[in-house]
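Before any comments, here is the structure.
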Amino acid sequence: AKKARRKPAKRAGKKAAARPPEPAAPGPEAPVENPFGPAAAPAAAKKPAPEEPDETARLTAVKGFVEILPAGRKDWREVSGGGEEFRRGDRLQTYAEAGVTAEFHEGSKVEMSPFSILSIEKDKFDHIAVGLFQGKVSAKVSWRARRKFEVRAPGAAVVAKADEKFSVSATSDRRVEVSVEAGEVLVYAVGTKKKLKARERVEVSAGRMGPVELFGPAFTAPPEDAPESGRREPVE
């Protein structure tokens, strides 16, 4: 009988060559996983909180009898002298032949005339606002001022910017007069506003604004026979 032949044993260390995998059918690619976990969305930059505006003024040039009513108090007291602080919510009142100047930290000044009542009002971050109840104030906005300066009166409001000078007067019957000495201001009344330039004024009565007028010394032309400046007539 024929003996069955044995197959030769495979040598150790050699393996059969692996068959290459068939290419996968085209399709949408699977998302690649991030080994470090899901990517965090970039944090939104937080805007710094706006600083609380400094609306405190310092009283200077106190003349005559001037009273102040601090915010939250019921009793008026006399202003002792210059250097006292005038804060938001306070009220100042001047009497006969009295006056006082309030200077803000940016250099803007408000000068009160006799028989006037003034307060510092709460407003936006880009405004400094004072309220005129009666009397007259003259405002000079500093050239360093970064915020608008506003004077509110019954039925009207005046908004100015840096390096402007104007005055506002108010009476008990809601008559307000605005005069501009330097620069330009905006005057607001009920449903309207007007821009005033230097040497212009306007009157607001019960919230209604009148026409803009010119004020100041009128220009007078020299006479025709007047000699020119710097020129002398020949002497015979």
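Going by the structure tokens order, chains are called A, B, ..., each with residues numbered from 1, while ligands are numbered from 1 in the order shown.
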
**Item:** Selection near Glu103 (chain A), 9 Å with only C-alpha atoms, sequence-local residues under 2 positions removed, as an NGL selection string
**Value:** :A and (56-60 or 101 or 105-111)

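Excluding Glu78 (chain A) itself and any same-chain residue fewer than 3 positions from it, the protein and nucleic acid residues within 8 Å of it, counting only C-alpha atoms, are A:Phe65, A:Val66, A:Glu67, A:Ile68.
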
Take the residues that were just selected and, keeping all heavy atoms, output them as a PDB file, in the first residue's frame.
```
ATOM      1  N   PHE A  65     -26.334 135.097  50.352  1.00  0.00           N
ATOM      2  CA  PHE A  65     -27.009 134.009  51.076  1.00  0.00           C
ATOM      3  C   PHE A  65     -27.417 132.918  50.089  1.00  0.00           C
ATOM      4  O   PHE A  65     -28.265 133.123  49.217  1.00  0.00           O
ATOM      5  CB  PHE A  65     -28.231 134.546  51.810  1.00  0.00           C
ATOM      6  CG  PHE A  65     -28.881 133.534  52.715  1.00  0.00           C
ATOM      7  CD1 PHE A  65     -28.211 133.044  53.828  1.00  0.00           C
ATOM      8  CD2 PHE A  65     -30.150 133.059  52.446  1.00  0.00           C
ATOM      9  CE1 PHE A  65     -28.808 132.107  54.671  1.00  0.00           C
ATOM     10  CE2 PHE A  65     -30.757 132.132  53.278  1.00  0.00           C
ATOM     11  CZ  PHE A  65     -30.082 131.659  54.391  1.00  0.00           C
ATOM     12  N   VAL A  66     -26.800 131.738  50.235  1.00  0.00           N
ATOM     13  CA  VAL A  66     -27.066 130.590  49.362  1.00  0.00           C
ATOM     14  C   VAL A  66     -27.408 129.395  50.254  1.00  0.00           C
ATOM     15  O   VAL A  66     -26.722 129.136  51.248  1.00  0.00           O
ATOM     16  CB  VAL A  66     -25.847 130.254  48.481  1.00  0.00           C
ATOM     17  CG1 VAL A  66     -26.164 129.072  47.575  1.00  0.00           C
ATOM     18  CG2 VAL A  66     -25.442 131.464  47.652  1.00  0.00           C
ATOM     19  N   GLU A  67     -28.461 128.661  49.885  1.00  0.00           N
ATOM     20  CA  GLU A  67     -28.871 127.484  50.641  1.00  0.00           C
ATOM     21  C   GLU A  67     -28.756 126.232  49.780  1.00  0.00           C
ATOM     22  O   GLU A  67     -28.845 126.298  48.550  1.00  0.00           O
ATOM     23  CB  GLU A  67     -30.310 127.623  51.134  1.00  0.00           C
ATOM     24  CG  GLU A  67     -30.477 128.567  52.315  1.00  0.00           C
ATOM     25  CD  GLU A  67     -31.875 128.540  52.876  1.00  0.00           C
ATOM     26  OE1 GLU A  67     -32.840 128.443  52.087  1.00  0.00           O
ATOM     27  OE2 GLU A  67     -32.020 128.601  54.114  1.00  0.00           O
ATOM     28  N   ILE A  68     -28.598 125.089  50.471  1.00  0.00           N
ATOM     29  CA  ILE A  68     -28.540 123.804  49.793  1.00  0.00           C
ATOM     30  C   ILE A  68     -29.470 122.829  50.508  1.00  0.00           C
ATOM     31  O   ILE A  68     -29.573 122.835  51.736  1.00  0.00           O
ATOM     32  CB  ILE A  68     -27.094 123.255  49.752  1.00  0.00           C
ATOM     33  CG1 ILE A  68     -27.040 121.967  48.918  1.00  0.00           C
ATOM     34  CG2 ILE A  68     -26.557 123.023  51.161  1.00  0.00           C
ATOM     35  CD1 ILE A  68     -25.627 121.488  48.637  1.00  0.00           C
TER      36      ILE A  68
END
```

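Reported to one decimal place, the separation of CA of Val141 (chain A) from CA of Ala153 (chain A) is 17.6 Å.
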
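Proximity to Ala182 (chain A) was assessed for A:Ser80, A:Thr94, A:Ser205, A:Ser142 counting only C-alpha atoms; the smallest distance is recorded for A:Ser142.
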
**Item:** Within 12 Å of Lys140 (chain A) using only C-alpha atoms, minus same-chain residues under 3 positions, as a PyMOL selection string
**Value:** chain A and resi 101-104+106-112+137+143-145+148-151+159-168+180-183+185

**Message:** With only C-alpha atoms as the counted atoms, please give the residues lying no more than 7 Å from Arg147 (chain A), apart from itself and same-chain residues fewer than 3 positions off, as a PyMOL selection string.
**Reply:** chain A and resi 126-128

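Atom to atom, CA of Arg152 (chain A) and CA of Ala129 (chain A) stand 7.2 Å apart.
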
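Closest to Tyr95 (chain A) among A:Asp123, A:Glu213, A:Arg73, A:Gln134 is A:Gln134, based on only C-alpha atoms.
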